[in-house]
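Peer 1: Handing over run38.cif, mmCIF, C-alpha atoms and all ligand atoms.
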data_start
#
loop_
_atom_site.label_atom_id
_atom_site.label_comp_id
_atom_site.auth_asym_id
_atom_site.auth_seq_id
_atom_site.Cartn_x
_atom_site.Cartn_y
_atom_site.Cartn_z
CA MET A 15 -14.98 47.83 -187.58
CA ASN A 16 -18.67 47.50 -188.37
CA LYS A 17 -20.48 48.82 -185.27
CA GLU A 18 -23.65 46.98 -186.15
CA LYS A 19 -21.93 43.63 -185.57
CA LYS A 20 -21.52 44.35 -181.88
CA ILE A 21 -25.17 44.91 -181.14
CA THR A 22 -26.64 42.27 -178.92
CA LYS A 23 -29.66 41.69 -176.69
CA THR A 24 -28.74 42.93 -173.19
CA THR A 25 -30.37 42.79 -169.76
CA ALA A 26 -29.65 45.00 -166.77
CA VAL A 27 -30.93 45.13 -163.20
CA SER A 28 -30.97 48.28 -161.12
CA PRO A 29 -32.09 49.25 -157.61
CA ALA A 30 -34.40 52.06 -156.60
CA ASN A 31 -32.80 54.40 -154.08
CA ILE A 32 -33.98 56.37 -151.09
CA ALA A 33 -32.81 59.97 -150.94
CA PHE A 34 -31.55 61.08 -147.51
CA ILE A 35 -30.92 64.55 -148.98
CA LYS A 36 -33.51 65.22 -151.68
CA TYR A 37 -33.43 66.41 -155.25
CA TRP A 38 -36.36 68.83 -155.36
CA GLY A 39 -36.34 71.58 -157.98
CA LYS A 40 -34.47 71.64 -161.29
CA LYS A 41 -32.01 74.28 -162.43
CA ASP A 42 -32.27 72.90 -165.96
CA ALA A 43 -35.38 70.80 -166.53
CA LYS A 44 -34.35 69.71 -170.03
CA VAL A 45 -31.39 67.68 -168.80
CA ASN A 46 -32.35 67.31 -165.11
CA ILE A 47 -29.69 69.47 -163.47
CA PRO A 48 -30.60 69.91 -159.78
CA PHE A 49 -30.19 72.97 -157.56
CA ASN A 50 -28.40 70.94 -154.91
CA ASN A 51 -26.37 67.77 -154.32
CA SER A 52 -28.38 64.81 -153.04
CA ILE A 53 -27.38 61.77 -150.97
CA SER A 54 -28.96 58.32 -151.14
CA MET A 55 -28.83 54.59 -150.40
CA ASN A 56 -29.60 51.94 -153.00
CA LEU A 57 -32.35 49.48 -152.06
CA SER A 58 -31.89 45.70 -152.20
CA ASP A 59 -35.54 44.73 -152.56
CA CYS A 60 -36.98 47.33 -154.95
CA SER A 61 -35.44 46.84 -158.38
CA THR A 62 -36.17 46.92 -162.09
CA LYS A 63 -34.96 44.42 -164.68
CA THR A 64 -34.85 45.56 -168.30
CA THR A 65 -33.97 43.80 -171.55
CA VAL A 66 -33.19 45.80 -174.68
CA GLU A 67 -32.60 44.59 -178.23
CA PHE A 68 -31.94 46.64 -181.35
CA SER A 69 -32.76 44.77 -184.55
CA ARG A 70 -33.71 45.18 -188.17
CA LYS A 71 -36.66 42.85 -187.51
CA TYR A 72 -38.43 45.60 -185.49
CA ARG A 73 -40.39 48.14 -187.52
CA SER A 74 -40.94 50.52 -184.60
CA ASP A 75 -39.77 50.97 -181.01
CA LYS A 76 -41.93 49.04 -178.57
CA VAL A 77 -41.82 49.29 -174.79
CA PHE A 78 -43.45 46.87 -172.34
CA ILE A 79 -43.58 47.60 -168.60
CA ASP A 80 -44.83 44.93 -166.21
CA GLY A 81 -46.61 43.17 -169.05
CA ASN A 82 -48.36 46.20 -170.56
CA GLU A 83 -47.33 48.10 -173.66
CA ALA A 84 -46.32 51.65 -172.70
CA GLN A 85 -47.88 54.52 -174.63
CA GLY A 86 -47.79 58.33 -174.59
CA GLU A 87 -45.45 60.20 -172.28
CA LYS A 88 -44.24 57.02 -170.57
CA LYS A 89 -43.08 55.56 -173.88
CA GLU A 90 -41.64 58.87 -175.11
CA ARG A 91 -39.30 59.13 -172.11
CA VAL A 92 -37.90 55.68 -172.93
CA VAL A 93 -37.60 56.43 -176.65
CA GLU A 94 -35.64 59.58 -175.82
CA ILE A 95 -32.94 57.43 -174.19
CA LEU A 96 -33.00 55.02 -177.15
CA ASN A 97 -32.50 58.00 -179.48
CA ILE A 98 -29.58 59.41 -177.49
CA VAL A 99 -27.85 56.02 -177.56
CA ARG A 100 -28.66 55.39 -181.24
CA LYS A 101 -27.08 58.72 -182.11
CA LYS A 102 -23.95 58.05 -180.07
CA ALA A 103 -23.52 54.52 -181.40
CA GLY A 104 -24.42 55.36 -184.98
CA LEU A 105 -27.32 52.90 -185.06
CA SER A 106 -30.58 53.11 -186.93
CA GLN A 107 -32.32 49.92 -185.80
CA LYS A 108 -35.55 50.08 -183.84
CA ALA A 109 -35.68 48.49 -180.41
CA ARG A 110 -37.73 46.26 -178.18
CA VAL A 111 -37.64 47.17 -174.48
CA VAL A 112 -39.16 44.88 -171.86
CA SER A 113 -39.07 45.95 -168.23
CA GLU A 114 -40.26 44.39 -164.96
CA ASN A 115 -40.34 45.76 -161.43
CA ASN A 116 -39.89 43.31 -158.55
CA PHE A 117 -42.10 45.42 -156.29
CA PRO A 118 -45.86 45.77 -156.71
CA ALA A 119 -46.75 48.31 -159.39
CA ASP A 120 -49.61 49.60 -157.24
CA ALA A 121 -47.40 50.27 -154.20
CA GLY A 122 -46.77 53.89 -155.13
CA ILE A 123 -43.02 53.31 -154.85
CA ALA A 124 -41.07 55.50 -157.25
CA SER A 125 -39.73 53.29 -160.01
CA SER A 126 -38.20 55.93 -162.28
CA ALA A 127 -34.76 55.71 -160.61
CA SER A 128 -34.46 51.93 -161.00
CA ALA A 129 -36.18 52.01 -164.41
CA PHE A 130 -34.02 54.63 -166.11
CA SER A 131 -30.72 53.38 -164.70
CA ALA A 132 -31.49 49.80 -165.83
CA LEU A 133 -32.57 51.21 -169.21
CA ALA A 134 -29.38 53.27 -169.56
CA LEU A 135 -27.11 50.27 -168.97
CA ALA A 136 -29.14 47.79 -171.05
CA THR A 137 -29.53 50.22 -173.97
CA SER A 138 -25.91 51.36 -174.12
CA ARG A 139 -24.57 47.78 -173.94
CA ALA A 140 -27.15 46.52 -176.42
CA ALA A 141 -25.79 49.16 -178.80
CA GLY A 142 -22.23 47.92 -178.24
CA MET A 143 -21.12 50.81 -176.02
CA GLU A 144 -19.18 50.43 -172.77
CA LEU A 145 -19.85 53.49 -170.64
CA SER A 146 -17.82 54.51 -167.61
CA LEU A 147 -19.72 54.82 -164.32
CA LYS A 148 -19.76 58.60 -164.78
CA GLU A 149 -21.18 58.32 -168.30
CA LEU A 150 -23.77 55.81 -167.14
CA SER A 151 -24.84 58.13 -164.33
CA ILE A 152 -25.22 61.00 -166.81
CA LEU A 153 -27.25 58.92 -169.28
CA SER A 154 -29.49 57.64 -166.46
CA ARG A 155 -29.99 61.23 -165.25
CA LEU A 156 -31.28 62.29 -168.65
CA GLY A 157 -34.14 59.78 -168.18
CA SER A 158 -34.91 60.67 -164.56
CA GLY A 159 -32.78 62.74 -162.19
CA SER A 160 -32.85 60.33 -159.27
CA ALA A 161 -31.71 57.49 -161.60
CA ALA A 162 -28.25 59.12 -161.67
CA ARG A 163 -27.80 57.85 -158.08
CA SER A 164 -28.75 54.21 -158.68
CA VAL A 165 -25.68 53.33 -160.73
CA VAL A 166 -23.08 53.19 -157.93
CA ASP A 167 -22.93 50.56 -155.16
CA GLY A 168 -24.27 51.37 -151.72
CA PHE A 169 -24.35 55.00 -150.56
CA ALA A 170 -24.19 57.75 -153.18
CA GLU A 171 -23.85 61.49 -153.65
CA TRP A 172 -25.10 63.12 -156.82
CA LYS A 173 -22.91 66.19 -157.40
CA LYS A 174 -25.11 68.84 -158.93
CA GLY A 175 -22.37 70.06 -161.28
CA LYS A 176 -22.62 73.03 -163.60
CA ASN A 177 -23.85 71.39 -166.77
CA SER A 178 -24.83 68.01 -168.19
CA GLN A 179 -21.25 66.74 -168.31
CA THR A 180 -20.46 67.62 -164.70
CA SER A 181 -23.71 66.52 -163.00
CA TYR A 182 -23.28 62.89 -161.92
CA THR A 183 -23.05 60.56 -158.94
CA VAL A 184 -20.07 59.32 -156.96
CA GLN A 185 -19.96 56.59 -154.32
CA LEU A 186 -19.77 57.70 -150.68
CA ALA A 187 -19.45 54.20 -149.21
CA PRO A 188 -20.00 50.57 -150.30
CA PRO A 189 -23.15 48.63 -149.26
CA SER A 190 -21.33 46.81 -146.43
CA TYR A 191 -20.19 50.11 -144.86
CA TRP A 192 -23.22 50.60 -142.62
CA ASP A 193 -25.80 47.94 -141.89
CA LEU A 194 -28.86 50.14 -142.17
CA ARG A 195 -32.35 49.07 -143.18
CA ASP A 196 -35.01 50.97 -145.07
CA ILE A 197 -38.46 49.64 -144.16
CA VAL A 198 -40.77 50.98 -146.86
CA VAL A 199 -44.12 51.35 -145.14
CA VAL A 200 -46.83 51.31 -147.80
CA VAL A 201 -49.87 53.33 -146.71
CA ALA A 202 -51.37 54.00 -150.15
CA LYS A 203 -51.68 51.92 -153.28
CA GLU A 204 -53.25 54.43 -155.63
CA LYS A 205 -51.19 56.49 -158.10
CA LYS A 206 -49.77 59.61 -156.44
CA LYS A 207 -51.59 62.90 -156.92
CA ALA A 208 -48.73 64.93 -158.38
CA SER A 209 -45.77 63.35 -160.18
CA SER A 210 -42.32 64.25 -158.92
CA THR A 211 -41.70 66.02 -162.23
CA GLU A 212 -44.67 68.31 -161.47
CA GLY A 213 -43.43 68.78 -157.92
CA HIS A 214 -39.98 69.84 -159.13
CA SER A 215 -41.37 72.75 -161.14
CA ALA A 216 -43.91 73.73 -158.48
CA ALA A 217 -41.10 73.85 -155.87
CA LEU A 218 -39.78 77.12 -157.26
CA THR A 219 -43.12 78.82 -156.54
CA SER A 220 -42.77 78.25 -152.79
CA PRO A 221 -41.74 81.38 -150.87
CA HIS A 222 -39.55 79.09 -148.74
CA TYR A 223 -37.47 77.60 -151.56
CA LYS A 224 -34.59 80.06 -151.04
CA THR A 225 -34.51 79.30 -147.33
CA ARG A 226 -34.32 75.58 -148.10
CA GLN A 227 -31.36 76.16 -150.41
CA SER A 228 -29.52 78.25 -147.84
CA GLU A 229 -30.04 75.59 -145.15
CA LEU A 230 -28.89 72.76 -147.37
CA LYS A 231 -25.16 73.48 -147.28
CA ARG A 232 -25.03 72.79 -143.54
CA ARG A 233 -27.46 69.87 -143.75
CA ILE A 234 -25.64 68.10 -146.60
CA LYS A 235 -22.30 68.38 -144.83
CA GLY A 236 -23.82 67.24 -141.53
CA LEU A 237 -25.63 64.26 -143.02
CA ARG A 238 -22.62 63.16 -145.11
CA ASN A 239 -20.41 63.28 -142.02
CA ALA A 240 -22.97 61.50 -139.83
CA LEU A 241 -23.21 58.77 -142.47
CA LEU A 242 -19.46 58.37 -142.83
CA GLU A 243 -18.99 58.42 -139.04
CA LYS A 244 -22.05 56.18 -138.51
CA GLN A 245 -23.57 58.56 -135.97
CA PHE A 246 -27.09 57.19 -136.14
CA LYS A 247 -28.93 59.72 -133.97
CA LYS A 248 -27.41 62.75 -135.67
CA PHE A 249 -28.01 61.13 -139.04
CA GLY A 250 -31.66 60.44 -138.20
CA GLU A 251 -32.33 63.97 -137.00
CA LEU A 252 -30.95 65.48 -140.20
CA LEU A 253 -32.85 62.90 -142.26
CA GLU A 254 -36.16 64.00 -140.76
CA GLU A 255 -35.30 67.69 -140.98
CA GLU A 256 -34.68 67.18 -144.71
CA ALA A 257 -37.89 65.21 -145.33
CA ILE A 258 -39.93 67.91 -143.60
CA SER A 259 -38.17 70.59 -145.63
CA LEU A 260 -39.22 68.91 -148.91
CA HIS A 261 -42.84 68.56 -147.78
CA MET A 262 -42.90 72.10 -146.44
CA ILE A 263 -41.88 73.25 -149.94
CA ALA A 264 -44.51 71.00 -151.56
CA MET A 265 -47.27 72.20 -149.22
CA THR A 266 -46.38 75.85 -149.82
CA SER A 267 -46.00 75.54 -153.61
CA LYS A 268 -48.61 77.23 -155.76
CA PRO A 269 -50.88 75.31 -156.04
CA PRO A 270 -49.92 73.34 -152.92
CA ILE A 271 -49.19 69.61 -153.07
CA TYR A 272 -50.18 67.49 -150.05
CA TYR A 273 -48.51 64.12 -150.46
CA TRP A 274 -49.28 62.72 -146.99
CA ASN A 275 -52.34 60.75 -145.95
CA LYS A 276 -53.64 59.54 -142.59
CA GLY A 277 -51.36 56.52 -142.67
CA THR A 278 -48.28 58.72 -143.17
CA VAL A 279 -49.01 60.67 -139.99
CA GLU A 280 -49.83 57.47 -138.10
CA VAL A 281 -46.38 56.05 -138.92
CA ILE A 282 -44.61 59.27 -137.86
CA HIS A 283 -46.41 59.23 -134.50
CA LYS A 284 -45.63 55.56 -133.98
CA LEU A 285 -41.92 56.28 -134.50
CA LEU A 286 -42.05 59.08 -131.90
CA GLU A 287 -43.77 56.70 -129.45
CA LEU A 288 -41.20 53.94 -130.10
CA ARG A 289 -38.38 56.39 -129.43
CA GLU A 290 -39.86 56.94 -125.97
CA GLU A 291 -39.48 53.17 -125.47
CA GLY A 292 -35.82 53.39 -126.56
CA LEU A 293 -36.33 51.95 -130.05
CA PHE A 294 -34.72 54.43 -132.45
CA ALA A 295 -35.75 54.76 -136.08
CA TYR A 296 -36.21 57.81 -138.29
CA PHE A 297 -38.46 58.63 -141.23
CA THR A 298 -38.03 60.09 -144.64
CA ILE A 299 -40.78 60.59 -147.24
CA ASP A 300 -40.49 61.13 -151.01
CA ALA A 301 -43.10 62.58 -153.37
CA GLY A 302 -45.90 60.37 -152.09
CA PRO A 303 -47.53 59.20 -148.85
CA ASN A 304 -45.38 56.11 -148.17
CA VAL A 305 -42.87 56.34 -145.35
CA HIS A 306 -39.29 55.06 -145.48
CA VAL A 307 -38.27 54.08 -141.95
CA ILE A 308 -34.49 54.03 -141.60
CA CYS A 309 -33.14 51.93 -138.76
CA ARG A 310 -30.21 49.80 -137.70
CA ALA A 311 -30.26 46.16 -138.84
CA CYS A 312 -30.55 44.88 -135.26
CA ASP A 313 -33.85 46.76 -134.74
CA SER A 314 -35.46 46.03 -138.07
CA ASN A 315 -37.49 42.87 -137.23
CA LYS A 316 -38.95 44.39 -134.09
CA LEU A 317 -39.83 47.63 -135.87
CA ASN A 318 -41.25 45.90 -138.91
CA LYS A 319 -43.62 43.85 -136.72
CA ARG A 320 -44.85 46.96 -134.90
CA LEU A 321 -45.29 49.03 -138.07
CA LYS A 322 -47.15 46.29 -139.95
CA LYS A 323 -49.79 46.24 -137.21
CA LEU A 324 -50.86 49.86 -137.80
CA PRO A 325 -54.35 50.08 -139.33
CA GLY A 326 -53.28 52.37 -142.22
CA VAL A 327 -50.46 50.06 -143.37
CA PHE A 328 -50.98 47.71 -146.35
CA PHE A 329 -47.57 46.04 -146.29
CA THR A 330 -43.88 46.77 -145.79
CA ILE A 331 -40.71 46.03 -147.79
CA VAL A 332 -37.46 45.69 -145.84
CA ASN A 333 -34.38 46.81 -147.79
CA LYS A 334 -30.66 46.52 -147.16
CA PRO A 335 -28.03 48.72 -148.81
CA SER A 336 -27.55 47.29 -152.29
CA THR A 337 -25.17 47.13 -155.22
CA GLY A 338 -25.94 49.50 -158.08
CA THR A 339 -26.88 48.98 -161.73
CA ARG A 340 -25.46 45.75 -163.16
CA LEU A 341 -25.80 43.35 -166.08
CA ALA A 342 -27.90 40.20 -165.76
CA GLU A 343 -27.71 37.00 -167.77
CA LYS A 344 -31.35 35.98 -168.04
CA HIS A 345 -33.24 38.00 -170.64
CA LEU A 346 -36.92 38.89 -170.32
CA PHE A 347 -37.68 37.87 -173.93
C1 LIG B 401 -38.83 63.27 -154.08
O1 LIG B 401 -36.05 61.72 -160.21
O2 LIG B 401 -38.50 61.21 -160.03
O3 LIG B 401 -37.89 61.28 -154.94
O4 LIG B 401 -36.03 63.92 -162.79
O5 LIG B 401 -38.42 64.53 -163.07
O6 LIG B 401 -37.73 62.12 -163.18
P1 LIG B 401 -37.46 63.50 -162.58
O7 LIG B 401 -37.73 63.40 -161.02
P2 LIG B 401 -37.40 62.23 -159.99
O8 LIG B 401 -37.49 63.04 -158.62
C2 LIG B 401 -37.27 62.40 -157.40
C3 LIG B 401 -37.79 63.26 -156.29
C4 LIG B 401 -37.72 62.67 -154.91
C5 LIG B 401 -36.43 63.04 -154.21
C6 LIG B 401 -35.19 62.26 -154.63
O9 LIG B 401 -35.27 61.08 -154.98
O10 LIG B 401 -34.12 62.89 -154.54
#
The structure given in the file should be rewritten as structure tokens.
Peer 2:
Amino acid sequence: MNKEKKITKTTAVSPANIAFIKYWGKKDAKVNIPFNNSISMNLSDCSTKTTVEFSRKYRSDKVFIDGNEAQGEKKERVVEILNIVRKKAGLSQKARVVSENNFPADAGIASSASAFSALALATSRAAGMELSLKELSILSRLGSGSAARSVVDGFAEWKKGKNSQTSYTVQLAPPSYWDLRDIVVVVAKEKKKASSTEGHSAALTSPHYKTRQSELKRRIKGLRNALLEKQFKKFGELLEEEAISLHMIAMTSKPPIYYWNKGTVEVIHKLLELREEGLFAYFTIDAGPNVHVICRACDSNKLNKRLKKLPGVFFTIVNKPSTGTRLAEKHLF
């Protein structure tokens, strides 16, 4: 059969995810193999939609993100995925890639997880390939490590594996399993100081990196069990322990990376104060200043109102557990 006949314009949507156990430090930076497993929840209200078309009518690959043509390193990372898929599918056509985030580009929310998982599904299908979930997770991972986790529904664990073929994500529980909320509290709109890719390589220069790795076995097991048993307090305590561990590594890397700002600390203190009042929510923080406040659905409105009032807060985005990467009918071009 002529493979080229099957190629067709394809659109995919994919959620960002929040890591409860973090990917921080790469064992193999070329193909994004992590030092440890990570655990996450997909986010309902932070997603990327991407349309891909391979065609003879295109003379070169072109990539548009939120209305602007991507250049340099940003474009190269996308073209790398196009090349991998072209090679596998035996295609030579150039491609057009158009991508839109449904959350504000200036919110400092990591979009590489949603972006590369949407790209992986749209590109592979546009080239006429039907990947299994495992293969899709692996292809997404090659674009950005955390994207490996966005492909499954709900709660996910990325198994570090031993090589590129064994490092992929499995589902821990479906979205309906636990009615948690992630209130993303945006306290900075500017681009973050150090990209997560820079942070990953700096991590290994911290004298505490080994300690983090030795603690993780217990923490991963504890958090996975707390999640599966829905033990919110235990879950929250391990969540915060893990977030602090990542930032301790970042702050003790050489040179150090300080991701937090005044607003970050303000939110943490507010959560401690609210706990005194009996309102329980816990924080986690990725490679930036914004805080993800994890709470039970029944507390989310009350918490959101209180957090939005803080002087350092620009806005919040309330997320439910979401389905993973999927196809969409409406194309972007
Ligand atoms: C702090 O997946 O963005 O969000 O593989 O270099 O693209 P690359 O890194 P990326 O790292 C995410 C780091 C993190 C923690 C996490 O999501 O696990």
Peer 1: Which residue, A:Lys148, A:Lys224, A:Lys231, A:Lys207, has the smallest gap to Ile271 in chain A when you use only C-alpha atoms?
Peer 2: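 Smallest distance to Ile271 in chain A is found for A:Lys207.
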Peer 1: Could you report the residues within 6 Å of ligand LIG 401 (chain B), using only C-alpha atoms and all ligand atoms, as a VMD selection string?
Peer 2: chain A and resid 33 36 to 38 46 126 158 to 160 210 to 211 300 to 301
Peer 1: For Val111 in chain A, find every residue with an atom within 12 Å (counting all atoms listed in the file), except residues of its own chain fewer than 6 positions away, and show them as a count of residues only.
Peer 2: 39
Peer 1: Using all atoms listed in the file, which residue out of A:Arg320, A:Lys88, A:Lys334, A:Lys174 lies closest to Ser190 in chain A?
Peer 2: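 Ranked by minimum distance to Ser190 in chain A, first place goes to A:Lys334.
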Peer 1: Could you give me, as a compact mmCIF listing (two decimals) with C-alpha atoms, keeping the file's coordinate frame, the residues that have an atom at most 8 Å away from the point (-33.7, 58.1, -147.4) in the coordinates of the file, using all atoms listed in the file?
Peer 2:
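Generated output (selection_6.txt):
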# COMPACT_ATOMS: atom_id res chain seq x y z
CA ASN A 31 -32.80 54.40 -154.08
CA ILE A 32 -33.98 56.37 -151.09
CA ALA A 33 -32.81 59.97 -150.94
CA PHE A 34 -31.55 61.08 -147.51
CA ILE A 35 -30.92 64.55 -148.98
CA SER A 54 -28.96 58.32 -151.14
CA MET A 55 -28.83 54.59 -150.40
CA ASP A 196 -35.01 50.97 -145.07
CA LEU A 253 -32.85 62.90 -142.26
CA PHE A 297 -38.46 58.63 -141.23
CA THR A 298 -38.03 60.09 -144.64
CA ILE A 299 -40.78 60.59 -147.24
CA HIS A 306 -39.29 55.06 -145.48
CA ILE A 308 -34.49 54.03 -141.60
Peer 1: I need the residue nearest Ser28 in chain A from this list: A:Arg73, A:Arg289, A:Lys41, A:Arg163. Use all atoms listed in the file for the distance.
Peer 2: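 Among A:Arg73, A:Arg289, A:Lys41, A:Arg163, it is A:Arg163 that comes nearest to Ser28 in chain A.
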Peer 1: Could you jot down the CA of Leu260 in chain A to CA of Gly213 in chain A separation for me, Å, one decimal place?
Peer 2: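 Distance reported for this atom pair: 9.9 Å.
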Peer 1: Just checking: using all atoms listed in the file, which residue out of A:Ile263, A:Val165, A:Ala187, A:Leu252 ends up closest to Thr219 in chain A?
Peer 2: A:Ile263
Peer 1: Which is closer to Gly250 in chain A than all the others in A:Leu145, A:Ser215, A:Lys276, A:Cys309, using all atoms listed in the file?
Peer 2: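 Closest to Gly250 in chain A, using all atoms listed in the file: A:Cys309.
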Peer 1: List the residues sitting within 12 Å of (-52.9, 69.5, -150.3) in the file's frame, using all atoms listed in the file, as a count of residues only.
Peer 2: 19
Peer 1: Just how far from CA of Ala141 in chain A is CA of Lys101 in chain A, in Å to one decimal?
Peer 2: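 The value is 10.2 Å.
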Peer 1: Would you mind telling me which residue in A:Ala161, A:Leu153, A:Leu285, A:Val112 lies nearest to Asn56 in chain A when using only C-alpha atoms?
Peer 2: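 Under the stated criterion, the closest residue is A:Ala161.
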Peer 1: Mind checking which residues fall within 9 Å of Glu94 in chain A, counting all atoms listed in the file, ignoring those fewer than 4 positions away in the same chain, and posting them as a VMD selection string?
Peer 2: chain A and resid 89 to 90 98 to 99 156 to 157
Peer 1: Near Ala202 in chain A, within 12 Å and counting all atoms listed in the file, which residues show up once chain neighbours fewer than 2 positions away are dropped, as an NGL selection string?
Peer 2: :A and (118-123 or 198-200 or 204-207 or 273-278 or 302-305 or 325-330)
Peer 1: Between CA of Gly142 in chain A and CA of Val166 in chain A, what distance in Å does the model show, to one decimal?
Peer 2: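 Taking CA of Gly142 in chain A as the start and CA of Val166 in chain A as the end point, the length is 21.0 Å.
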Peer 1: Produce the centre coordinates and the three edge lengths, each in Å to one decimal, of the box along x, y and z that contains all listed atoms of range 218-235 of chain A with 8 Å added on each side, as lines of an AutoDock Vina configuration file.
Peer 2:
center_x = -32.7
center_y = 74.7
center_z = -150.4
size_x = 36.8
size_y = 29.3
size_z = 29.7
Peer 1: Keeping all heavy atoms, write range 81-87 of chain A of the structure just shown out as a PDB file, in the first residue's frame.
Peer 2:
ATOM      1  N   GLY A  81      -0.056  32.062  17.374  1.00  0.00           N
ATOM      2  CA  GLY A  81      -0.097  33.129  16.373  1.00  0.00           C
ATOM      3  C   GLY A  81       1.258  33.634  15.889  1.00  0.00           C
ATOM      4  O   GLY A  81       1.308  34.407  14.930  1.00  0.00           O
ATOM      5  N   ASN A  82       2.346  33.201  16.519  1.00  0.00           N
ATOM      6  CA  ASN A  82       3.663  33.676  16.076  1.00  0.00           C
ATOM      7  C   ASN A  82       4.470  32.533  15.471  1.00  0.00           C
ATOM      8  O   ASN A  82       4.423  31.404  15.970  1.00  0.00           O
ATOM      9  CB  ASN A  82       4.463  34.229  17.269  1.00  0.00           C
ATOM     10  CG  ASN A  82       3.721  35.357  17.938  1.00  0.00           C
ATOM     11  OD1 ASN A  82       3.247  36.286  17.274  1.00  0.00           O
ATOM     12  ND2 ASN A  82       3.567  35.263  19.252  1.00  0.00           N
ATOM     13  N   GLU A  83       5.233  32.856  14.443  1.00  0.00           N
ATOM     14  CA  GLU A  83       6.060  31.816  13.830  1.00  0.00           C
ATOM     15  C   GLU A  83       7.246  31.505  14.746  1.00  0.00           C
ATOM     16  O   GLU A  83       7.989  32.408  15.159  1.00  0.00           O
ATOM     17  CB  GLU A  83       6.565  32.248  12.446  1.00  0.00           C
ATOM     18  CG  GLU A  83       7.319  31.105  11.812  1.00  0.00           C
ATOM     19  CD  GLU A  83       7.605  31.280  10.331  1.00  0.00           C
ATOM     20  OE1 GLU A  83       7.220  32.300   9.734  1.00  0.00           O
ATOM     21  OE2 GLU A  83       8.240  30.365   9.780  1.00  0.00           O
ATOM     22  N   ALA A  84       7.424  30.232  15.075  1.00  0.00           N
ATOM     23  CA  ALA A  84       8.531  29.834  15.970  1.00  0.00           C
ATOM     24  C   ALA A  84       9.839  29.789  15.190  1.00  0.00           C
ATOM     25  O   ALA A  84       9.859  29.378  14.030  1.00  0.00           O
ATOM     26  CB  ALA A  84       8.236  28.462  16.568  1.00  0.00           C
ATOM     27  N   GLN A  85      10.901  30.217  15.831  1.00  0.00           N
ATOM     28  CA  GLN A  85      12.231  30.221  15.223  1.00  0.00           C
ATOM     29  C   GLN A  85      13.209  29.580  16.203  1.00  0.00           C
ATOM     30  O   GLN A  85      12.875  29.335  17.346  1.00  0.00           O
ATOM     31  CB  GLN A  85      12.706  31.670  14.957  1.00  0.00           C
ATOM     32  CG  GLN A  85      11.740  32.539  14.182  1.00  0.00           C
ATOM     33  CD  GLN A  85      11.719  32.226  12.693  1.00  0.00           C
ATOM     34  OE1 GLN A  85      12.455  31.366  12.217  1.00  0.00           O
ATOM     35  NE2 GLN A  85      10.856  32.910  11.955  1.00  0.00           N
ATOM     36  N   GLY A  86      14.430  29.374  15.740  1.00  0.00           N
ATOM     37  CA  GLY A  86      15.532  28.941  16.610  1.00  0.00           C
ATOM     38  C   GLY A  86      15.254  27.644  17.334  1.00  0.00           C
ATOM     39  O   GLY A  86      14.638  26.726  16.781  1.00  0.00           O
ATOM     40  N   GLU A  87      15.688  27.603  18.603  1.00  0.00           N
ATOM     41  CA  GLU A  87      15.623  26.366  19.383  1.00  0.00           C
ATOM     42  C   GLU A  87      14.193  25.832  19.525  1.00  0.00           C
ATOM     43  O   GLU A  87      13.959  24.631  19.482  1.00  0.00           O
ATOM     44  CB  GLU A  87      16.236  26.622  20.768  1.00  0.00           C
ATOM     45  CG  GLU A  87      16.748  25.379  21.438  1.00  0.00           C
ATOM     46  CD  GLU A  87      16.109  25.138  22.789  1.00  0.00           C
ATOM     47  OE1 GLU A  87      15.433  26.066  23.325  1.00  0.00           O
ATOM     48  OE2 GLU A  87      16.257  24.034  23.312  1.00  0.00           O
TER      49      GLU A  87
END
